[in-house]
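Asks: Right, I'll just put the structure down here and ask away after.
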Amino acid sequence: MAGEAAPASLFERFGMPENLRSNLHDMDWDTLASMLHELSMKYDEKKAAHRKLAKHISLTKVMLADRIRHKSKEGRFDAKFLVELVRLLEKCESMAIEHEVDMSEFLSFLYALIEKMKHEKMRIYSHPRFSAERPLEEFGKLKGKSENGSKAK
């Protein structure tokens, strides 16, 4: 274990070019969504698994660009989208390692999106709130049902 290197931080693994890092927070979301289509992936076109992965990533980029545009028009992003981006980053990283494919541009871009969302201090947009009494009232009903069920056994 002593000879093993410490796991790299996200920034070290997905370091962004300096110009993107410095201009990232000034870019609007539509520009970032458009940039998604320009990202390339290096893979062996002779391997069917690589072609399938490339198609999957291409579809993911289109869907992600559409979602970014849609959310930016609404004027809000939610924490669920941030979590989905982090999971997508992890999934794509493992697929790149598994298939030995160079997706470094795409992975760096996903990391940049995550950093931009964190920088803009996203808020959680909640649903209309209930009065404070209602959840406690519901909890009491559920608790009663639970106790009655356990007494019957």
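The way I read the labels, and the way they are meant: chains A, B, ... in the order of the structure tokens, residue 1 as the first residue of every chain, and ligand 1 as the first ligand shown, with later ones counted on from there.
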List the spatial neighbours of Ile114 (chain A) as a PyMOL selection string - criterion: any atom at most 12 Å away, only C-alpha atoms, same-chain residues fewer than 3 positions off excluded.
Replies: chain A and resi 10-11+14+24-25+32+77-89+107-111+117-122
Asks: With N, CA and C atoms retained, could you export that selection as a PDB file, in the first residue's frame?
Replies:
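Written file, result23.pdb:
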```pdb
ATOM      1  N   LEU A  10     -10.512  15.200  -8.578  1.00  0.00           N
ATOM      2  CA  LEU A  10     -11.241  15.399  -9.834  1.00  0.00           C
ATOM      3  C   LEU A  10     -10.525  16.409 -10.714  1.00  0.00           C
ATOM      4  N   PHE A  11     -10.037  17.484 -10.100  1.00  0.00           N
ATOM      5  CA  PHE A  11      -9.371  18.506 -10.893  1.00  0.00           C
ATOM      6  C   PHE A  11      -8.123  17.953 -11.570  1.00  0.00           C
ATOM      7  N   PHE A  14      -9.384  15.542 -14.376  1.00  0.00           N
ATOM      8  CA  PHE A  14     -10.115  16.179 -15.463  1.00  0.00           C
ATOM      9  C   PHE A  14      -9.727  17.650 -15.593  1.00  0.00           C
ATOM     10  N   LEU A  24     -14.814  30.136 -17.962  1.00  0.00           N
ATOM     11  CA  LEU A  24     -15.944  29.246 -17.744  1.00  0.00           C
ATOM     12  C   LEU A  24     -17.127  29.947 -17.082  1.00  0.00           C
ATOM     13  N   HIS A  25     -16.859  30.711 -16.056  1.00  0.00           N
ATOM     14  CA  HIS A  25     -17.942  31.314 -15.293  1.00  0.00           C
ATOM     15  C   HIS A  25     -18.601  32.469 -16.033  1.00  0.00           C
ATOM     16  N   LEU A  32     -22.060  26.801 -23.844  1.00  0.00           N
ATOM     17  CA  LEU A  32     -21.556  25.515 -23.351  1.00  0.00           C
ATOM     18  C   LEU A  32     -22.295  24.352 -24.005  1.00  0.00           C
ATOM     19  N   PHE A  77     -31.483  25.587 -12.631  1.00  0.00           N
ATOM     20  CA  PHE A  77     -30.985  24.219 -12.612  1.00  0.00           C
ATOM     21  C   PHE A  77     -31.257  23.700 -11.211  1.00  0.00           C
ATOM     22  N   ASP A  78     -31.400  22.431 -11.082  1.00  0.00           N
ATOM     23  CA  ASP A  78     -31.648  21.892  -9.752  1.00  0.00           C
ATOM     24  C   ASP A  78     -30.532  20.935  -9.341  1.00  0.00           C
ATOM     25  N   ALA A  79     -30.553  20.578  -8.085  1.00  0.00           N
ATOM     26  CA  ALA A  79     -29.509  19.708  -7.546  1.00  0.00           C
ATOM     27  C   ALA A  79     -29.547  18.325  -8.201  1.00  0.00           C
ATOM     28  N   LYS A  80     -30.718  17.897  -8.637  1.00  0.00           N
ATOM     29  CA  LYS A  80     -30.843  16.593  -9.295  1.00  0.00           C
ATOM     30  C   LYS A  80     -29.988  16.557 -10.559  1.00  0.00           C
ATOM     31  N   PHE A  81     -29.978  17.646 -11.308  1.00  0.00           N
ATOM     32  CA  PHE A  81     -29.181  17.705 -12.527  1.00  0.00           C
ATOM     33  C   PHE A  81     -27.692  17.631 -12.202  1.00  0.00           C
ATOM     34  N   LEU A  82     -27.274  18.294 -11.134  1.00  0.00           N
ATOM     35  CA  LEU A  82     -25.877  18.238 -10.707  1.00  0.00           C
ATOM     36  C   LEU A  82     -25.484  16.803 -10.349  1.00  0.00           C
ATOM     37  N   VAL A  83     -26.328  16.120  -9.611  1.00  0.00           N
ATOM     38  CA  VAL A  83     -26.054  14.735  -9.221  1.00  0.00           C
ATOM     39  C   VAL A  83     -25.978  13.849 -10.464  1.00  0.00           C
ATOM     40  N   GLU A  84     -26.886  14.065 -11.422  1.00  0.00           N
ATOM     41  CA  GLU A  84     -26.862  13.288 -12.659  1.00  0.00           C
ATOM     42  C   GLU A  84     -25.577  13.525 -13.442  1.00  0.00           C
ATOM     43  N   LEU A  85     -25.086  14.765 -13.440  1.00  0.00           N
ATOM     44  CA  LEU A  85     -23.824  15.060 -14.120  1.00  0.00           C
ATOM     45  C   LEU A  85     -22.659  14.339 -13.462  1.00  0.00           C
ATOM     46  N   VAL A  86     -22.640  14.326 -12.145  1.00  0.00           N
ATOM     47  CA  VAL A  86     -21.561  13.638 -11.424  1.00  0.00           C
ATOM     48  C   VAL A  86     -21.608  12.145 -11.727  1.00  0.00           C
ATOM     49  N   ARG A  87     -22.806  11.565 -11.735  1.00  0.00           N
ATOM     50  CA  ARG A  87     -22.936  10.137 -12.050  1.00  0.00           C
ATOM     51  C   ARG A  87     -22.533   9.847 -13.492  1.00  0.00           C
ATOM     52  N   LEU A  88     -22.904  10.745 -14.404  1.00  0.00           N
ATOM     53  CA  LEU A  88     -22.517  10.579 -15.804  1.00  0.00           C
ATOM     54  C   LEU A  88     -21.001  10.634 -15.947  1.00  0.00           C
ATOM     55  N   LEU A  89     -20.369  11.551 -15.241  1.00  0.00           N
ATOM     56  CA  LEU A  89     -18.915  11.662 -15.267  1.00  0.00           C
ATOM     57  C   LEU A  89     -18.274  10.363 -14.784  1.00  0.00           C
ATOM     58  N   LEU A 107     -14.855  14.124 -20.758  1.00  0.00           N
ATOM     59  CA  LEU A 107     -14.783  14.043 -19.300  1.00  0.00           C
ATOM     60  C   LEU A 107     -14.401  15.397 -18.707  1.00  0.00           C
ATOM     61  N   SER A 108     -13.459  16.096 -19.326  1.00  0.00           N
ATOM     62  CA  SER A 108     -13.069  17.427 -18.846  1.00  0.00           C
ATOM     63  C   SER A 108     -14.239  18.399 -18.957  1.00  0.00           C
ATOM     64  N   PHE A 109     -14.997  18.277 -20.036  1.00  0.00           N
ATOM     65  CA  PHE A 109     -16.136  19.160 -20.224  1.00  0.00           C
ATOM     66  C   PHE A 109     -17.220  18.901 -19.171  1.00  0.00           C
ATOM     67  N   LEU A 110     -17.493  17.621 -18.881  1.00  0.00           N
ATOM     68  CA  LEU A 110     -18.465  17.307 -17.826  1.00  0.00           C
ATOM     69  C   LEU A 110     -18.020  17.889 -16.495  1.00  0.00           C
ATOM     70  N   TYR A 111     -16.731  17.749 -16.214  1.00  0.00           N
ATOM     71  CA  TYR A 111     -16.189  18.315 -14.980  1.00  0.00           C
ATOM     72  C   TYR A 111     -16.365  19.832 -14.970  1.00  0.00           C
ATOM     73  N   MET A 117     -21.719  24.821 -12.306  1.00  0.00           N
ATOM     74  CA  MET A 117     -22.931  24.744 -11.492  1.00  0.00           C
ATOM     75  C   MET A 117     -22.614  25.015 -10.023  1.00  0.00           C
ATOM     76  N   LYS A 118     -21.504  24.479  -9.530  1.00  0.00           N
ATOM     77  CA  LYS A 118     -21.119  24.738  -8.139  1.00  0.00           C
ATOM     78  C   LYS A 118     -20.769  26.201  -7.944  1.00  0.00           C
ATOM     79  N   HIS A 119     -20.099  26.806  -8.918  1.00  0.00           N
ATOM     80  CA  HIS A 119     -19.711  28.205  -8.824  1.00  0.00           C
ATOM     81  C   HIS A 119     -20.927  29.124  -8.773  1.00  0.00           C
ATOM     82  N   GLU A 120     -21.952  28.768  -9.527  1.00  0.00           N
ATOM     83  CA  GLU A 120     -23.148  29.602  -9.555  1.00  0.00           C
ATOM     84  C   GLU A 120     -24.049  29.364  -8.359  1.00  0.00           C
ATOM     85  N   LYS A 121     -23.573  28.553  -7.433  1.00  0.00           N
ATOM     86  CA  LYS A 121     -24.277  28.302  -6.171  1.00  0.00           C
ATOM     87  C   LYS A 121     -25.733  27.958  -6.425  1.00  0.00           C
ATOM     88  N   MET A 122     -25.905  26.823  -7.053  1.00  0.00           N
ATOM     89  CA  MET A 122     -27.250  26.376  -7.385  1.00  0.00           C
ATOM     90  C   MET A 122     -28.130  26.325  -6.148  1.00  0.00           C
TER      91      MET A 122
END
```
Asks: Using only C-alpha atoms, which residues sit within 12 Å of Met95 (chain A) once same-chain residues fewer than 3 positions away are excluded, as a list in words?
Replies: Ala49, His50, Lys52, Leu53, Ala54, His56, Ile57, Leu88, Leu89, Glu90, Lys91, Cys92, Glu98, His99, Glu100, Val101, Asp102, Met103, Ser104 and Leu107 of chain A
Asks: Nearest to Arg69 (chain A): which of A:Glu93, A:Glu105, A:Asp28, A:Glu115 is it, counting only C-alpha atoms?
Replies: A:Asp28
